[in-house]
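Encoded as C-alpha cells, the structure appears first; notes follow it.
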Amino acid sequence: MRGIFAAGVLDSFLDNDFCPFDLCIGVSAGANNLAAYLAGMRGRNYTIYTDYSRRPEFISTMRFLRGGHLMDLDWLWEITIRELPLDTAHVDAAPQEYCVGVTRVRDGKVLYARPEGDNLAQILKASSAMPLVYRSAVALPGVRIEGAEVTVGGDSDTYVDGGLAEPIPVREALRRGARTVIVIRSRPMSYSMDTGKKHRLMRFSLRRHPALQRRLAERAERYNETLAYMRSPDRENDGVQIVEVTPPESFESSRTTRNIDALNRDYERGLDIGAEVAKNWL
C-alpha cells in the first residue's frame with residue numbers, strides 16, 4: 001500500500017506530459033505503477049489502492065491466521081483484469097524499454113522480464129508475489145511466466161517478488177547504460193532497512209527454498225548498500241546523476257494501510273512532489 005505515493009508521482013508525470021525516459025525498471029508494486037504510467041492510464045492504480053486493495057477479499061488478517069493469504073493476489077489480479085484491464089497494446093507500443101524484476105525460485109537470482117502483450121499480468125503478479133503474505137508464492141512455489149523473455153531462464157521456471165532479490169534496481173539501470181536515473185521510493189529519505197534478525201515467519205515459510213532464504217537474509221544489506229551508492233561521490237565520479245524521489249517524513253501509509261484518508265493524503269503528496277520533479281527537470 002506504500003505504493004500509493006509512487007502512483008501519485010507517476011500520475012503527476014502524466015498530467016505534466018513528463019516522460020524523458022529511455023528505460024523504465026520496476027519491482028513489486030513499483031512495476032505495477034510503471035505499467036499504468038506507460039499505458040497512459042491516469043488514476044488506474046489510485047483506484048486499485050483506494051478501492052480494490054482495501055476490500056476484505058484482498059487483505060484479511062483472519063484469513064491469514066487461519067492459514068490463508070494475508071494478501072490474495074489471485075483475487076486482485078482476476079477482478080482488476082476483468083474490471084480495470086491494463087491497456088497492454090499501449091504498453092507494448094511505448095518507446096521506452098520496460099523491464100520488471102522478478103526473483104527466480106530455484107536459485108534466488110533477480111531476472112528482468114520484458115512484458116509482451118498477454119503475459120504482462122503474469123509478470124506483474126510474479127514480481128508482487130511476496131512469500132508468506134501470498135501463500136502460493138511458496139506453496140506452488142512461485143508464479144510461472146509463460147513465454148516471457150527474461151535475461152536467463154526459461155518457461156519452466158517460477159518466480160516471486162522481485163524486491164526480494166533487488167529492492168532498488170539502480171545498478172541494473174546503470175548496467176544497461178543509464179547515467180541519469182530517477183528513483184521513486186516508497187519510504188522517506190531518512191529510512192534505511194533494519195539489518196537485525198527479523199522476518200522469522202518469512203524465513204520459516206521459505207524453509208524449503210534455501211536460495212530464497214539467503215536472499216531474504218541479504219536483502220537489508222543490499223538495500224542499504226544501494227542507498228549508500230546513490231548518495232555517494234563515487235557515483236558522481238562515474239558520471240551518474242541520481243534523482244531520489246521520496247515521500248516526506250509525514251508519510252503515513254504502511255504495507256497494509258486501509259485508512260482511506262491516509263491513502264488519499266499520501267497520493268496527494270505524490271502528486272505534488274511529482275509536479276515539482278517535472279517542473280525542475282533539467
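Ordered as shown in the C-alpha cells, chains take letters A, B, and onward, while each chain numbers its residues from 1 and ligands are numbered from 1 in the order shown.
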Distance query stretch 117-128 of chain A at most 7 Å, only C-alpha atoms, self and fewer than 4 positions along chain excluded, as a list in words = Val27, Ser28, Ala29, Ala31, Asn32, Thr88, Ala89, Asp92, Gly101, Val102, Val143, Ile145, Glu146, Ala148, Tyr159, Val160, Asp161 and Gly162 of chain A
Non-local contacts of stretch 178-188 of chain A (8 Å; only C-alpha atoms; under 2 positions in same chain excluded) as a PDB file with C-alpha atoms, in the first residue's frame:
```pdb
ATOM      1  CA  ARG A   2       3.033   2.287   0.305  1.00  0.00           C
ATOM      2  CA  GLY A   3       2.999   2.300  -3.487  1.00  0.00           C
ATOM      3  CA  PHE A   5       2.888   7.595  -3.231  1.00  0.00           C
ATOM      4  CA  ALA A   6       4.537   6.437  -6.461  1.00  0.00           C
ATOM      5  CA  LEU A  23      14.305   2.793 -19.785  1.00  0.00           C
ATOM      6  CA  VAL A 170      19.539   1.116  -9.679  1.00  0.00           C
ATOM      7  CA  ALA A 173      19.740   0.598 -14.835  1.00  0.00           C
ATOM      8  CA  LEU A 174      23.430   1.521 -14.796  1.00  0.00           C
ATOM      9  CA  ARG A 175      24.390  -1.856 -16.249  1.00  0.00           C
ATOM     10  CA  ARG A 176      22.077  -1.106 -19.149  1.00  0.00           C
ATOM     11  CA  SER A 190      15.673   9.043   6.360  1.00  0.00           C
ATOM     12  CA  TYR A 191      14.654   5.384   6.095  1.00  0.00           C
ATOM     13  CA  GLY A 239      29.288  10.310 -14.360  1.00  0.00           C
ATOM     14  CA  VAL A 240      25.998   9.188 -12.836  1.00  0.00           C
ATOM     15  CA  GLN A 241      23.232  11.578 -11.754  1.00  0.00           C
ATOM     16  CA  ILE A 242      20.587  10.117  -9.465  1.00  0.00           C
ATOM     17  CA  VAL A 243      17.420  11.994  -8.516  1.00  0.00           C
ATOM     18  CA  GLU A 244      15.836  10.406  -5.462  1.00  0.00           C
ATOM     19  CA  VAL A 245      12.089  10.973  -5.186  1.00  0.00           C
ATOM     20  CA  THR A 246      10.835  10.100  -1.716  1.00  0.00           C
ATOM     21  CA  PRO A 247       7.698  10.737   0.319  1.00  0.00           C
ATOM     22  CA  PRO A 248       8.041  13.282   3.132  1.00  0.00           C
ATOM     23  CA  GLU A 249       8.720  12.280   6.722  1.00  0.00           C
ATOM     24  CA  PHE A 251       4.219   9.810   5.062  1.00  0.00           C
TER      25      PHE A 251
END
```
With the cut-off set at 9 Å and counting only C-alpha atoms, tabulate each residue of stretch 65-106 of chain A with an atom at most that distance from an atom of stretch 51-57 of chain A, showing the nearest atom pair and its distance in Å to one decimal, ordered by chain and increasing number, as a Markdown table.
```
| residue | atom | partner | partner_atom | distance |
| --- | --- | --- | --- | --- |
| A:Met71 | CA | A:Glu57 | CA | 8.3 |
| A:Asp72 | CA | A:Glu57 | CA | 7.1 |
| A:Trp75 | CA | A:Glu57 | CA | 7.1 |
| A:Leu76 | CA | A:Tyr52 | CA | 7.1 |
| A:Ile79 | CA | A:Tyr52 | CA | 8.5 |
| A:Thr80 | CA | A:Tyr52 | CA | 7.9 |
```
Based on the selection just made, write all heavy atoms of those residues as a PDB file, in the first residue's frame.
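The resulting file, again33.pdb, is reproduced below:
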```pdb
ATOM      1  N   MET A  71      -2.599 -11.293   1.722  1.00  0.00           N
ATOM      2  CA  MET A  71      -2.979 -10.524   0.533  1.00  0.00           C
ATOM      3  C   MET A  71      -3.234 -11.506  -0.609  1.00  0.00           C
ATOM      4  O   MET A  71      -2.310 -12.200  -1.040  1.00  0.00           O
ATOM      5  CB  MET A  71      -1.870  -9.540   0.144  1.00  0.00           C
ATOM      6  CG  MET A  71      -1.545  -8.529   1.210  1.00  0.00           C
ATOM      7  SD  MET A  71      -0.250  -7.388   0.673  1.00  0.00           S
ATOM      8  CE  MET A  71      -0.004  -6.437   2.183  1.00  0.00           C
ATOM      9  N   ASP A  72      -4.452 -11.565  -1.075  1.00  0.00           N
ATOM     10  CA  ASP A  72      -4.847 -12.543  -2.088  1.00  0.00           C
ATOM     11  C   ASP A  72      -4.643 -11.961  -3.490  1.00  0.00           C
ATOM     12  O   ASP A  72      -5.536 -11.334  -4.064  1.00  0.00           O
ATOM     13  CB  ASP A  72      -6.307 -12.949  -1.882  1.00  0.00           C
ATOM     14  CG  ASP A  72      -6.700 -14.125  -2.758  1.00  0.00           C
ATOM     15  OD1 ASP A  72      -5.948 -14.465  -3.693  1.00  0.00           O
ATOM     16  OD2 ASP A  72      -7.773 -14.721  -2.503  1.00  0.00           O
ATOM     17  N   TRP A  75      -7.186 -13.149  -6.303  1.00  0.00           N
ATOM     18  CA  TRP A  75      -8.439 -12.389  -6.379  1.00  0.00           C
ATOM     19  C   TRP A  75      -8.206 -11.016  -6.993  1.00  0.00           C
ATOM     20  O   TRP A  75      -8.953 -10.588  -7.873  1.00  0.00           O
ATOM     21  CB  TRP A  75      -9.038 -12.233  -4.977  1.00  0.00           C
ATOM     22  CG  TRP A  75     -10.254 -11.357  -4.979  1.00  0.00           C
ATOM     23  CD1 TRP A  75     -11.534 -11.727  -5.253  1.00  0.00           C
ATOM     24  CD2 TRP A  75     -10.288  -9.945  -4.733  1.00  0.00           C
ATOM     25  NE1 TRP A  75     -12.374 -10.629  -5.203  1.00  0.00           N
ATOM     26  CE2 TRP A  75     -11.626  -9.528  -4.882  1.00  0.00           C
ATOM     27  CE3 TRP A  75      -9.315  -8.991  -4.401  1.00  0.00           C
ATOM     28  CZ2 TRP A  75     -12.016  -8.196  -4.711  1.00  0.00           C
ATOM     29  CZ3 TRP A  75      -9.702  -7.675  -4.227  1.00  0.00           C
ATOM     30  CH2 TRP A  75     -11.045  -7.292  -4.379  1.00  0.00           C
ATOM     31  N   LEU A  76      -7.158 -10.321  -6.540  1.00  0.00           N
ATOM     32  CA  LEU A  76      -6.913  -8.955  -7.021  1.00  0.00           C
ATOM     33  C   LEU A  76      -6.636  -8.936  -8.513  1.00  0.00           C
ATOM     34  O   LEU A  76      -7.159  -8.089  -9.250  1.00  0.00           O
ATOM     35  CB  LEU A  76      -5.745  -8.336  -6.259  1.00  0.00           C
ATOM     36  CG  LEU A  76      -5.452  -6.870  -6.591  1.00  0.00           C
ATOM     37  CD1 LEU A  76      -6.606  -5.980  -6.164  1.00  0.00           C
ATOM     38  CD2 LEU A  76      -4.147  -6.416  -5.917  1.00  0.00           C
ATOM     39  N   ILE A  79      -9.961  -9.808 -10.601  1.00  0.00           N
ATOM     40  CA  ILE A  79     -11.017  -8.794 -10.660  1.00  0.00           C
ATOM     41  C   ILE A  79     -10.548  -7.536 -11.384  1.00  0.00           C
ATOM     42  O   ILE A  79     -11.319  -6.912 -12.124  1.00  0.00           O
ATOM     43  CB  ILE A  79     -11.546  -8.461  -9.244  1.00  0.00           C
ATOM     44  CG1 ILE A  79     -12.862  -7.676  -9.364  1.00  0.00           C
ATOM     45  CG2 ILE A  79     -10.522  -7.704  -8.412  1.00  0.00           C
ATOM     46  CD1 ILE A  79     -13.590  -7.505  -8.054  1.00  0.00           C
ATOM     47  N   THR A  80      -9.275  -7.143 -11.208  1.00  0.00           N
ATOM     48  CA  THR A  80      -8.824  -5.931 -11.889  1.00  0.00           C
ATOM     49  C   THR A  80      -8.600  -6.160 -13.378  1.00  0.00           C
ATOM     50  O   THR A  80      -8.829  -5.255 -14.181  1.00  0.00           O
ATOM     51  CB  THR A  80      -7.547  -5.370 -11.242  1.00  0.00           C
ATOM     52  OG1 THR A  80      -6.539  -6.386 -11.199  1.00  0.00           O
ATOM     53  CG2 THR A  80      -7.827  -4.874  -9.834  1.00  0.00           C
TER      54      THR A  80
END
```
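Atom CA of A:Asp22 is found 4.8 Å from atom CA of A:Gln96.
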Quick one: distance from atom CA of A:Leu164 to atom CA of A:Thr61 in Å, one decimal?
-> 22.2 Å
Excluding stretch 197-206 of chain A and any residue of its chain fewer than 6 positions from it, enumerate the residues within 8 Å of it, using only C-alpha atoms, and give them as a PyMOL selection string.
-> chain A and resi 131-132+138+212-213+216
Nearest to A:Asp266, chosen from A:Tyr46, A:Tyr112, A:Trp281, A:Tyr229, with only C-alpha atoms counted in the distances = A:Tyr46
In Å, rounded to a single decimal, give me how far atom CA of A:Thr256 is from atom CA of A:Asp15.
-> 27.8 Å
Members of stretch 109-275 of chain A assigned alpha helix (DSSP H) by DSSP, as a ChimeraX atom specification = /A:120-128,136-139,162-165,170-175,200-205,210-230,233-237,260-275
